[in-house]
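Taking it in order: structure first as structure tokens, then the write-up.
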Amino acid sequence: MKELMLGNAAVARGLYEAGCAFVSSYPGTPSTEITEEAAKFDDIYCEWAPNEKVAMEAAFGACLAGKRAFCGMKHVGLNVAADPLFTMSYTGVNAGLVICVADDAGMHSSQNEQDSRHHAIAAKVPMLEPSDSAEALAFTKLAFEISEKFDTPVIIKMCTRVSHSQSVVETGERYPAPERPYEKNIPKYVMMPGMAKKRHPFVENRTKSLRTYFEGGIQSYTANGQQVNVPVNRIEMREEAEVISPFAKHIGVITSSTSYQYVKEVFGNSVSVLKLGAANPLPDELLTSFAEEVDKLYVVEELDPVIEDHCKSLGIKVEGGKNVLSVCDEFSQNKVAYAMGEKPPKGKELGEEVPVRPPVMCAGCPHRGVFYTLNKNKCTVLGDIGCYTLGAVAPLAAMEMTLCMGASIGATHGFLKVSDGDAAKHTVAVIGDSTFMHSGMTGLANIAYNQSNATVIILDNSITGMTGHQQNPTTGYNIKGDPAGKIDLEALCKAMGIQRVRVVDPYDLKATEEALKEELAAEEPSVIISRRPCVLLKNVKFAPPLHVNCDTCIGCTNCMKIGCPAISMVTDENGKKHARVDETLCVGCKVCVQMCPVGAFEGMTEEGITYEN
Amino acid sequence: MKTKNIMIVGVGGQGSLLASKLLGHLLIGQGYDVKVSEVHGMSQRGGSVVTYVRYGEKVYSPVIDEGEADFIVSFELLEASRYVSFLKPDGRIVTNIQQIDPMPVITGAASYPADLVEKMRAKGVQIDAMDCLKLAEEAGSTKAVNLVLMGRLSHYFEDIPESAWQEAMEAIVPQKFLELNRKAFALGKAQA
């Protein structure tokens with residue numbers, strides 16, 4: 001059946017059709033929907049793991065046991081999972097093992113712009129790179145076949161524009177994966193030096209075989225006994241009818257992923273294209289022979305010059321690559337057109353300063369009270385990855401460092417160890433519940449063990465928020481929303497040796513400030529759990545929106561300090577300045593009420609926002 | 001035919017995904033190749049969000065670039081003005097006149113520009129500006145702004161019959177909100 005499908009959903013569809021039995025992932029934009037969509041198929045066991053390393057190890061275990069397995073993550077997640085990946089390259093697999101990594105060129109929702117192709121090259125594993133949903137579906141199925149045929153994990157590399165674009169796919173039926181029961185094989189699966197030494201030459205030879213495999217000929221997978229061909233690397237020679245002048249130079253473009261789409265958008269069939277569906281290993285002979293066919297060669301690839309550098313290492317002359325296209329940011333058709341000497345269209349200029357609209361914490365966000373309190377007390381805040389990273393944005397502007405998952409706690413320890421004792425009186429680590437489970441626990445172990453006088457705030461909003469509400473080990477529910485194991489944060493922190501653990505409601509500014517002051521003053525490490533569910537959760541019941549009594553309001557702008565998108569200052573017809581609440585946004589959290597010196601907010605209920613557990 | 005481009009812009013959380021879903025379904029049904037590109041993640045938290053809908057015989061790029069949009073459908077006025085440079089010379093903006101202050105305006109670091117509709121018109125931009133919030137409320141819910149906008153947009157798709165839009169709504173909108181959304185669509189369409 002033909003349908004419009006999100007790139008990520010197409011990967012999930014590929015998993016289903018290829019008989020994949022096990023999926024373990026950690027959410028991360030732009031990869032999250034792969035696992036969410038896979039979880040809709042009853043034939044696939046799916047789970048959210050605490051982090052990418054655990055997810056990848058779980059997927060490896062499942063493939064060892066003989067079932068096709070998968071693990072998905074964003075680009076920085078692959079750093080976390082790099083440890084198992086690099087050695088899985090040596091052990092190889094039993095049943096097929098496919099890993100999907102989604103890069104984020106343009107950093108729509110990420111902390112860096114790393115190019116995951118380097119991971120595939122460094123770990124010496126094959127990487128396929130689809131350019132739309134149809135390829136995402138076909139390449140996922142082919143990836144399992146390659147995995148089993150060449151005894152290797154296979155990486156599918158997505159990017160934001162492939163993951164989050166819908167394009168037309170033709171779906172098929174699920175077909176059974178080959179039977180591969182587990183067999184004990186110590187030299188293959190126990191990577192101690194003597195055995196790993198023997199596996200390394202296997203890895204090198206495998207790369208040679210894969211390079212030949214991707215040179216051309218036919219790549220295919222077998223579904224229900226039928227062989228289905230998937231051209232991974234393909235040449236689309238220019239059509240003479242579309243070439244403007246017979247004397248025009250024969251332009252050739254080597255490209256991949258979404259860059260291919262931009263090249264075709266600009267040039268159609270008037271240039272020749274070598275479209276690479278395999279980012280690793282690259283096909284030396286195909287690159288060389290294509291380069292020989294054309295007069296002028298471009299390499300169009302987002303982020304790092306991986307293909308370009310490889311071409312140059314083969315002695316191929318690249319006239320246009322990173323000398324005309326940036327290493328930074330994502331591409332578009334206009335950028336590609338401009339770099340290749342075309343004149344892209346230009347739109348109208350409004351000639352008006354349009355204020356930027358950065359993302360903000362939602363109205364009623366439980367993180368707001370914590371960051372307001374931290375800012376008010378002039379704390380040094382080492383932060384982490386999640387919605388609460390927005391605590392760095394004005395007017396809260398309370399977060400001073402964000403590096404990677406878990407670094408708030410890890411870095412706070414080091415920060416305090418070399419600072420004078422006074423630093424502990426105003427320095428805090430801030431981390432979310434899911435991020436704490438992902439990589440915060442080991443940092444806390446370091447604090448408990450090596451004894452820094454740290455104050456750690458765990459923002460427990462009962463969900464993994466930024467990526468769009470995924471369950472995690474502290475929520476008590478699994479990926480399907482069914483009851484699951486639930487880790488008790490208080491008990492966990494205490495068991496790790498933190499004596500001072502307390503829970504506070506961040507909607508209560510006074511209690512939050514009290515807790516903060518006491519724990520900063522304490523001469524030992526402490527954990528404050530700020531507990532309130534994300535206001536976007538279904539089990540949260542909004543209170544009626546508040547409104548401002550314009551006669552009472554003195555226009556002091558105190559309520560503006562919390563950065564609530566529902567509150568603005570307006571001037572009425574009499575020229576009086578007062579606060580105004582946008583009733584379509586306000587959810588009645590009452591944090592602003594606590595800011596007002598004259599009681600100008602009205603309409604609040606006693607219980608405010610409520611939620612069911 | 002040359003690929004046609006529709007941008008849907010707004011503020012994260014305003015529900016623009018339903019509009020793109022509806023258009024995707026509608027245009028596939030008309031036999032076109034279609035690509036719809038969305039943004040997920042951080043910008044959904046009250047930031048400026050853009051969805052690209054492209055259709056034609058064969059669509060390559062998933063995104064729309066400057067000077068390419070046939071239509072900009074906007075859920076919020078400032079967002080409509082932000083993307084003016086993406087319009088084709090003869091492109092058209094269909095926008096809600098609702099104003100949502102971005103954080104720099106809330107904190108006083110910037111001000112919300114006045115008379116944006118007039119300023120865009122003065123630059124030769126064709127623009128349909130409607131109080132979609134009011135029309136949606138009239139239809140039964142402020143959440144139906146997207147269907148009001150779709151109704152108005154449908155006015156410009158002469159070759160797509162009303163029945164195809166109705167069918168797309170049936171397929172995309174949850175049953176219990178269908179009547180309300182049909183009403184919102186009709187109210188938007190009647191703004192012509």
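The way I read the labels, and the way they are meant: chains A, B, ... in the order of the structure tokens, residue 1 as the first residue of every chain, and ligand 1 as the first ligand shown, with later ones counted on from there.
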
What are the residues of chain B that have an atom within 8 Å of an atom of chain A, counting only C-alpha atoms, as a short mmCIF file (atom, residue, chain, number, x, y, z; two decimals) with all heavy atoms, in the first residue's frame?
data_model
loop_
_atom_site.label_atom_id
_atom_site.label_comp_id
_atom_site.auth_asym_id
_atom_site.auth_seq_id
_atom_site.Cartn_x
_atom_site.Cartn_y
_atom_site.Cartn_z
N GLY B 12 5.12 27.06 18.69
CA GLY B 12 5.11 25.68 19.16
C GLY B 12 3.96 25.42 20.11
O GLY B 12 3.76 26.19 21.05
N GLY B 24 -1.28 16.78 3.67
CA GLY B 24 -0.57 15.61 3.14
C GLY B 24 -1.56 14.58 2.62
O GLY B 24 -1.45 14.10 1.48
N HIS B 25 -2.56 14.28 3.44
CA HIS B 25 -3.57 13.29 3.06
C HIS B 25 -4.33 13.74 1.80
O HIS B 25 -4.54 12.98 0.86
CB HIS B 25 -4.54 13.08 4.22
CG HIS B 25 -5.56 12.02 3.96
ND1 HIS B 25 -5.38 10.71 4.32
CD2 HIS B 25 -6.77 12.09 3.35
CE1 HIS B 25 -6.43 10.01 3.94
NE2 HIS B 25 -7.30 10.81 3.36
N ILE B 28 -1.94 13.68 -1.46
CA ILE B 28 -1.66 12.31 -1.89
C ILE B 28 -2.88 11.75 -2.62
O ILE B 28 -2.77 11.13 -3.66
CB ILE B 28 -1.32 11.42 -0.66
CG1 ILE B 28 0.13 11.64 -0.25
CG2 ILE B 28 -1.59 9.95 -0.93
CD1 ILE B 28 1.15 10.90 -1.07
N ASP B 33 2.92 13.56 -5.88
CA ASP B 33 4.02 13.19 -4.99
C ASP B 33 4.05 14.28 -3.92
O ASP B 33 3.87 15.46 -4.22
CB ASP B 33 5.35 13.16 -5.77
CG ASP B 33 6.49 12.65 -4.92
OD1 ASP B 33 6.24 11.88 -3.97
OD2 ASP B 33 7.65 13.00 -5.22
N VAL B 34 4.24 13.89 -2.67
CA VAL B 34 4.16 14.85 -1.57
C VAL B 34 5.31 14.66 -0.59
O VAL B 34 5.72 13.52 -0.34
CB VAL B 34 2.82 14.68 -0.79
CG1 VAL B 34 2.72 15.68 0.36
CG2 VAL B 34 1.62 14.83 -1.72
N LYS B 35 5.82 15.75 -0.08
CA LYS B 35 6.73 15.68 1.08
C LYS B 35 6.27 16.68 2.12
O LYS B 35 5.92 17.81 1.80
CB LYS B 35 8.18 15.95 0.68
CG LYS B 35 8.84 14.73 0.07
CD LYS B 35 10.33 14.85 -0.12
CE LYS B 35 10.86 13.55 -0.70
NZ LYS B 35 12.21 13.69 -1.27
N VAL B 36 6.27 16.23 3.36
CA VAL B 36 5.90 17.10 4.47
C VAL B 36 7.02 17.06 5.49
O VAL B 36 7.44 15.99 5.91
CB VAL B 36 4.58 16.61 5.15
CG1 VAL B 36 4.24 17.51 6.33
CG2 VAL B 36 3.44 16.57 4.15
N SER B 37 7.53 18.23 5.84
CA SER B 37 8.67 18.27 6.75
C SER B 37 8.29 19.01 8.02
O SER B 37 7.79 20.13 7.96
CB SER B 37 9.83 18.98 6.06
OG SER B 37 11.03 18.44 6.52
N GLU B 38 8.53 18.40 9.16
CA GLU B 38 8.10 18.96 10.43
C GLU B 38 9.30 19.21 11.33
O GLU B 38 10.37 18.70 11.07
CB GLU B 38 7.18 17.95 11.16
CG GLU B 38 6.03 17.46 10.32
CD GLU B 38 5.47 16.13 10.82
OE1 GLU B 38 6.04 15.56 11.76
OE2 GLU B 38 4.48 15.68 10.24
N VAL B 39 9.07 19.96 12.38
CA VAL B 39 10.12 20.13 13.38
C VAL B 39 9.59 19.61 14.71
O VAL B 39 8.50 19.95 15.12
CB VAL B 39 10.54 21.60 13.51
CG1 VAL B 39 11.53 21.76 14.65
CG2 VAL B 39 11.18 22.08 12.22
N HIS B 40 10.39 18.75 15.34
CA HIS B 40 10.03 18.22 16.65
C HIS B 40 11.07 18.69 17.65
O HIS B 40 12.05 19.30 17.28
CB HIS B 40 10.03 16.69 16.63
CG HIS B 40 9.12 16.08 15.61
ND1 HIS B 40 8.30 15.03 15.89
CD2 HIS B 40 8.91 16.37 14.30
CE1 HIS B 40 7.62 14.70 14.81
NE2 HIS B 40 7.98 15.49 13.83
N GLY B 41 10.86 18.39 18.90
CA GLY B 41 11.89 18.67 19.88
C GLY B 41 11.80 20.05 20.47
O GLY B 41 10.71 20.56 20.68
N MET B 42 12.95 20.68 20.68
CA MET B 42 13.00 21.86 21.52
C MET B 42 12.13 23.01 21.03
O MET B 42 11.45 23.65 21.83
CB MET B 42 14.43 22.33 21.68
CG MET B 42 14.53 23.46 22.70
SD MET B 42 16.22 23.96 23.05
CE MET B 42 16.48 23.19 24.64
N SER B 43 12.11 23.27 19.71
CA SER B 43 11.36 24.44 19.25
C SER B 43 9.86 24.30 19.45
O SER B 43 9.12 25.27 19.38
CB SER B 43 11.69 24.75 17.79
OG SER B 43 11.76 23.58 17.06
N GLN B 44 9.41 23.05 19.72
CA GLN B 44 7.98 22.89 19.99
C GLN B 44 7.58 23.56 21.30
O GLN B 44 6.41 23.78 21.56
CB GLN B 44 7.63 21.41 20.07
CG GLN B 44 7.39 20.80 18.71
CD GLN B 44 6.91 19.38 18.83
OE1 GLN B 44 7.58 18.55 19.40
NE2 GLN B 44 5.73 19.10 18.30
N ARG B 45 8.56 23.86 22.15
CA ARG B 45 8.26 24.48 23.44
C ARG B 45 8.10 25.99 23.27
O ARG B 45 8.94 26.77 23.69
CB ARG B 45 9.38 24.18 24.43
CG ARG B 45 9.59 22.71 24.68
CD ARG B 45 8.59 22.17 25.69
NE ARG B 45 8.68 20.70 25.77
CZ ARG B 45 7.89 19.88 25.09
NH1 ARG B 45 6.97 20.34 24.28
NH2 ARG B 45 8.01 18.58 25.22
N GLY B 46 7.02 26.39 22.61
CA GLY B 46 6.72 27.81 22.51
C GLY B 46 7.61 28.58 21.56
O GLY B 46 7.54 29.80 21.52
N GLY B 47 8.45 27.90 20.80
CA GLY B 47 9.31 28.59 19.84
C GLY B 47 8.60 28.76 18.50
O GLY B 47 7.46 28.35 18.32
N SER B 48 9.30 29.40 17.57
CA SER B 48 8.79 29.58 16.22
C SER B 48 8.89 28.24 15.49
O SER B 48 9.96 27.65 15.42
CB SER B 48 9.65 30.63 15.52
OG SER B 48 9.36 30.68 14.15
N VAL B 59 8.73 15.32 -6.10
CA VAL B 59 9.26 16.28 -5.13
C VAL B 59 10.58 15.75 -4.60
O VAL B 59 10.67 14.61 -4.16
CB VAL B 59 8.27 16.47 -3.95
CG1 VAL B 59 8.83 17.46 -2.94
CG2 VAL B 59 6.92 16.95 -4.46
N TYR B 60 11.61 16.57 -4.65
CA TYR B 60 12.91 16.15 -4.11
C TYR B 60 13.12 16.72 -2.71
O TYR B 60 12.97 16.03 -1.72
CB TYR B 60 14.04 16.57 -5.05
CG TYR B 60 14.09 15.76 -6.32
CD1 TYR B 60 13.69 16.29 -7.55
CD2 TYR B 60 14.52 14.44 -6.30
CE1 TYR B 60 13.73 15.54 -8.71
CE2 TYR B 60 14.57 13.67 -7.45
CZ TYR B 60 14.16 14.22 -8.67
OH TYR B 60 14.21 13.48 -9.80
N SER B 61 13.47 18.01 -2.62
CA SER B 61 13.81 18.58 -1.31
C SER B 61 12.62 18.53 -0.36
O SER B 61 11.49 18.82 -0.75
CB SER B 61 14.26 20.03 -1.49
OG SER B 61 14.38 20.63 -0.22
N PRO B 62 12.88 18.19 0.90
CA PRO B 62 11.78 18.21 1.88
C PRO B 62 11.50 19.60 2.45
O PRO B 62 10.54 19.78 3.17
CB PRO B 62 12.28 17.27 2.98
CG PRO B 62 13.76 17.34 2.91
CD PRO B 62 14.12 17.62 1.48
N VAL B 63 12.34 20.58 2.13
CA VAL B 63 12.15 21.90 2.73
C VAL B 63 11.85 22.96 1.66
O VAL B 63 12.05 22.75 0.47
CB VAL B 63 13.40 22.34 3.55
CG1 VAL B 63 13.66 21.36 4.67
CG2 VAL B 63 14.62 22.53 2.67
N ASP B 65 12.61 26.95 0.57
CA ASP B 65 13.66 27.94 0.79
C ASP B 65 13.13 29.34 0.45
O ASP B 65 12.00 29.49 -0.02
CB ASP B 65 14.87 27.59 -0.09
CG ASP B 65 16.17 27.91 0.62
OD1 ASP B 65 16.22 28.88 1.39
OD2 ASP B 65 17.17 27.19 0.38
N GLU B 66 13.97 30.34 0.66
CA GLU B 66 13.56 31.73 0.39
C GLU B 66 13.08 31.90 -1.05
O GLU B 66 13.65 31.34 -1.98
CB GLU B 66 14.73 32.67 0.66
CG GLU B 66 15.07 32.75 2.13
CD GLU B 66 15.74 34.07 2.50
OE1 GLU B 66 16.21 34.77 1.58
OE2 GLU B 66 15.78 34.38 3.70
N GLY B 67 12.02 32.67 -1.21
CA GLY B 67 11.50 32.97 -2.54
C GLY B 67 10.73 31.85 -3.19
O GLY B 67 10.47 31.89 -4.39
N GLU B 68 10.38 30.81 -2.43
CA GLU B 68 9.78 29.62 -3.06
C GLU B 68 8.32 29.34 -2.69
O GLU B 68 7.65 28.58 -3.38
CB GLU B 68 10.59 28.37 -2.68
CG GLU B 68 11.94 28.28 -3.34
CD GLU B 68 12.59 26.91 -3.13
OE1 GLU B 68 12.28 26.25 -2.13
OE2 GLU B 68 13.40 26.51 -3.98
N LEU B 78 2.96 37.62 14.02
CA LEU B 78 4.41 37.88 13.98
C LEU B 78 5.12 36.80 13.16
O LEU B 78 6.07 37.08 12.42
CB LEU B 78 4.97 37.91 15.41
CG LEU B 78 6.43 38.34 15.55
CD1 LEU B 78 6.59 39.81 15.20
CD2 LEU B 78 6.94 38.08 16.96
N SER B 81 4.95 37.39 9.49
CA SER B 81 5.88 38.42 9.02
C SER B 81 7.32 37.91 9.02
O SER B 81 8.14 38.33 8.22
CB SER B 81 5.76 39.67 9.90
OG SER B 81 6.31 39.42 11.17
N ARG B 82 7.62 36.99 9.91
CA ARG B 82 8.98 36.44 10.00
C ARG B 82 9.40 35.76 8.70
O ARG B 82 10.56 35.74 8.33
CB ARG B 82 9.05 35.44 11.16
CG ARG B 82 10.47 34.94 11.48
CD ARG B 82 10.45 33.85 12.56
NE ARG B 82 9.74 34.21 13.77
CZ ARG B 82 10.16 35.07 14.67
NH1 ARG B 82 11.33 35.64 14.52
NH2 ARG B 82 9.43 35.37 15.72
N VAL B 84 8.19 36.25 5.50
CA VAL B 84 7.82 36.95 4.26
C VAL B 84 8.83 36.69 3.13
O VAL B 84 8.46 36.49 1.98
CB VAL B 84 7.68 38.47 4.52
CG1 VAL B 84 7.77 39.26 3.23
CG2 VAL B 84 6.36 38.76 5.22
N SER B 85 10.12 36.62 3.50
CA SER B 85 11.14 36.43 2.46
C SER B 85 11.06 35.05 1.81
O SER B 85 11.69 34.80 0.79
CB SER B 85 12.54 36.64 3.04
OG SER B 85 12.81 35.65 4.00
N PHE B 86 10.27 34.15 2.38
CA PHE B 86 10.13 32.83 1.78
C PHE B 86 9.06 32.80 0.68
O PHE B 86 8.96 31.85 -0.08
CB PHE B 86 9.78 31.78 2.86
CG PHE B 86 10.99 31.36 3.65
CD1 PHE B 86 11.53 32.19 4.61
CD2 PHE B 86 11.61 30.13 3.41
CE1 PHE B 86 12.67 31.83 5.32
CE2 PHE B 86 12.74 29.76 4.12
CZ PHE B 86 13.27 30.61 5.08
N LEU B 87 8.26 33.87 0.59
CA LEU B 87 7.19 33.90 -0.41
C LEU B 87 7.73 34.10 -1.82
O LEU B 87 8.70 34.82 -2.03
CB LEU B 87 6.24 35.06 -0.12
CG LEU B 87 5.03 34.88 0.77
CD1 LEU B 87 4.21 36.15 0.72
CD2 LEU B 87 4.19 33.68 0.39
N LYS B 88 7.05 33.48 -2.78
CA LYS B 88 7.28 33.81 -4.19
C LYS B 88 6.77 35.22 -4.44
O LYS B 88 5.90 35.70 -3.69
CB LYS B 88 6.45 32.85 -5.06
CG LYS B 88 7.14 31.56 -5.40
CD LYS B 88 6.25 30.74 -6.32
CE LYS B 88 6.89 29.38 -6.54
NZ LYS B 88 5.95 28.41 -7.09
N PRO B 89 7.20 35.87 -5.51
CA PRO B 89 6.70 37.21 -5.79
C PRO B 89 5.17 37.28 -5.81
O PRO B 89 4.58 38.25 -5.35
CB PRO B 89 7.28 37.53 -7.17
CG PRO B 89 8.50 36.67 -7.27
CD PRO B 89 8.22 35.43 -6.48
N ASP B 101 2.92 37.18 22.36
CA ASP B 101 4.21 37.85 22.61
C ASP B 101 5.33 36.82 22.77
O ASP B 101 5.21 35.91 23.58
CB ASP B 101 4.13 38.69 23.89
CG ASP B 101 3.29 39.95 23.69
OD1 ASP B 101 3.01 40.28 22.52
OD2 ASP B 101 2.94 40.59 24.70
N PRO B 102 6.42 36.97 22.01
CA PRO B 102 7.58 36.12 22.27
C PRO B 102 8.32 36.63 23.51
O PRO B 102 8.10 37.77 23.93
CB PRO B 102 8.43 36.28 21.01
CG PRO B 102 8.07 37.62 20.48
CD PRO B 102 6.65 37.91 20.91
N MET B 103 9.18 35.78 24.08
CA MET B 103 9.83 36.13 25.35
C MET B 103 10.56 37.48 25.32
O MET B 103 10.46 38.24 26.28
CB MET B 103 10.75 34.99 25.80
CG MET B 103 11.10 34.95 27.27
SD MET B 103 9.75 35.31 28.46
CE MET B 103 8.75 33.85 28.39
N PRO B 104 11.27 37.84 24.24
CA PRO B 104 11.93 39.15 24.25
C PRO B 104 10.93 40.32 24.39
O PRO B 104 11.28 41.35 24.95
CB PRO B 104 12.63 39.22 22.89
CG PRO B 104 12.81 37.81 22.47
CD PRO B 104 11.63 37.07 23.04
N VAL B 105 9.71 40.12 23.92
CA VAL B 105 8.69 41.16 24.09
C VAL B 105 8.17 41.14 25.53
O VAL B 105 8.00 42.18 26.16
CB VAL B 105 7.53 40.96 23.08
CG1 VAL B 105 6.38 41.91 23.38
CG2 VAL B 105 8.03 41.14 21.65
N ILE B 106 7.98 39.93 26.06
CA ILE B 106 7.50 39.79 27.44
C ILE B 106 8.49 40.44 28.41
O ILE B 106 8.11 41.14 29.34
CB ILE B 106 7.26 38.30 27.78
CG1 ILE B 106 6.03 37.80 27.01
CG2 ILE B 106 7.09 38.10 29.29
CD1 ILE B 106 5.69 36.34 27.22
N THR B 107 9.79 40.22 28.17
CA THR B 107 10.79 40.78 29.10
C THR B 107 11.07 42.25 28.81
O THR B 107 11.80 42.89 29.56
CB THR B 107 12.12 40.02 28.99
OG1 THR B 107 12.61 40.13 27.65
CG2 THR B 107 11.98 38.56 29.35
N ALA B 110 12.35 43.69 23.53
CA ALA B 110 11.92 44.05 22.18
C ALA B 110 10.44 44.39 22.23
O ALA B 110 9.78 44.14 23.24
CB ALA B 110 12.15 42.87 21.23
N SER B 111 9.93 45.00 21.16
CA SER B 111 8.49 45.24 21.17
C SER B 111 7.85 44.56 19.97
O SER B 111 8.50 44.32 18.95
CB SER B 111 8.19 46.74 21.15
OG SER B 111 8.85 47.33 20.06
N TYR B 112 6.58 44.22 20.13
CA TYR B 112 5.83 43.55 19.07
C TYR B 112 5.50 44.59 18.00
O TYR B 112 4.83 45.59 18.29
CB TYR B 112 4.55 42.97 19.66
CG TYR B 112 3.90 41.91 18.80
CD1 TYR B 112 3.93 40.57 19.20
CD2 TYR B 112 3.27 42.22 17.61
CE1 TYR B 112 3.33 39.59 18.42
CE2 TYR B 112 2.68 41.24 16.83
CZ TYR B 112 2.71 39.93 17.24
OH TYR B 112 2.12 38.95 16.47
N PRO B 113 6.00 44.44 16.78
CA PRO B 113 5.79 45.47 15.77
C PRO B 113 4.30 45.75 15.52
O PRO B 113 3.50 44.82 15.51
CB PRO B 113 6.43 44.87 14.50
CG PRO B 113 7.22 43.70 14.95
CD PRO B 113 6.66 43.24 16.25
N LYS B 119 1.83 46.70 6.92
CA LYS B 119 3.23 46.78 6.47
C LYS B 119 3.53 45.72 5.41
O LYS B 119 4.26 45.97 4.45
CB LYS B 119 4.17 46.61 7.66
CG LYS B 119 4.28 47.88 8.50
CD LYS B 119 5.10 47.64 9.75
CE LYS B 119 5.10 48.88 10.62
NZ LYS B 119 5.49 48.58 12.01
N MET B 120 2.97 44.52 5.60
CA MET B 120 3.21 43.47 4.60
C MET B 120 2.52 43.84 3.28
O MET B 120 3.10 43.67 2.21
CB MET B 120 2.71 42.12 5.13
CG MET B 120 3.63 41.53 6.19
SD MET B 120 3.21 39.83 6.65
CE MET B 120 2.10 40.09 8.02
N LYS B 123 4.36 46.17 1.15
CA LYS B 123 5.48 45.57 0.40
C LYS B 123 4.97 44.72 -0.75
O LYS B 123 5.73 43.98 -1.38
CB LYS B 123 6.34 44.70 1.33
CG LYS B 123 7.05 45.48 2.41
CD LYS B 123 8.26 46.20 1.85
CE LYS B 123 8.87 47.11 2.92
NZ LYS B 123 9.97 47.91 2.39
#

_Just want the 12 Å neighbourhood of Glu285 in chain A, counted on only C-alpha atoms, with same-chain residues fewer than 6 positions away dropped. Output as a list in words._
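These residues fall inside the cut-off: Arg211, Thr212, Tyr213, Phe214, Glu215, Gly216, Asn233, Ala291, Glu292, His310, Cys311, Leu314, Gly315 and Ile316 of chain A.
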
*Point-to-point distance from CA of Leu22 in chain B to CA of Ile6 in chain B, Å rounded to tenths*: 12.5 Å

*Counting only C-alpha atoms, the option among A:Cys534, A:Val300, A:Val593, A:Ala18 closest to Asp508 in chain A*: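 Distance minimum relative to Asp508 in chain A lands on A:Val593.
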
_Å distance separating CA of Ser408 in chain A from CA of Glu524 in chain A, one decimal place_ = 17.8 Å

*Quick one: everything within 10 Å of range 492-495 of chain A, counting only C-alpha atoms, minus sequence neighbours fewer than 2 positions away in the same chain. Send it as an NGL selection string.*
:A and (441 or 444-445 or 448 or 487-490 or 497-501 or 526-527)

Please write the residues from the selection above to a file, keeping C-alpha atoms, as a PDB file, in the first residue's frame.
ATOM      1  CA  MET A 441      23.603   8.207  39.042  1.00  0.00           C
ATOM      2  CA  LEU A 444      26.217  11.050  42.315  1.00  0.00           C
ATOM      3  CA  ALA A 445      28.181   7.923  43.231  1.00  0.00           C
ATOM      4  CA  ALA A 448      29.027  10.145  47.692  1.00  0.00           C
ATOM      5  CA  ILE A 487      12.786   3.261  40.883  1.00  0.00           C
ATOM      6  CA  ASP A 488      12.363   5.219  44.105  1.00  0.00           C
ATOM      7  CA  LEU A 489      14.616   8.267  43.730  1.00  0.00           C
ATOM      8  CA  GLU A 490      14.735   9.053  47.463  1.00  0.00           C
ATOM      9  CA  GLY A 497      25.199   7.334  50.726  1.00  0.00           C
ATOM     10  CA  ILE A 498      23.530  10.722  50.494  1.00  0.00           C
ATOM     11  CA  GLN A 499      22.099  11.345  53.963  1.00  0.00           C
ATOM     12  CA  ARG A 500      20.243  14.560  53.157  1.00  0.00           C
ATOM     13  CA  VAL A 501      17.476  13.838  50.628  1.00  0.00           C
ATOM     14  CA  SER A 526      22.488  16.696  49.604  1.00  0.00           C
ATOM     15  CA  VAL A 527      19.787  15.972  47.022  1.00  0.00           C
TER      16      VAL A 527
END
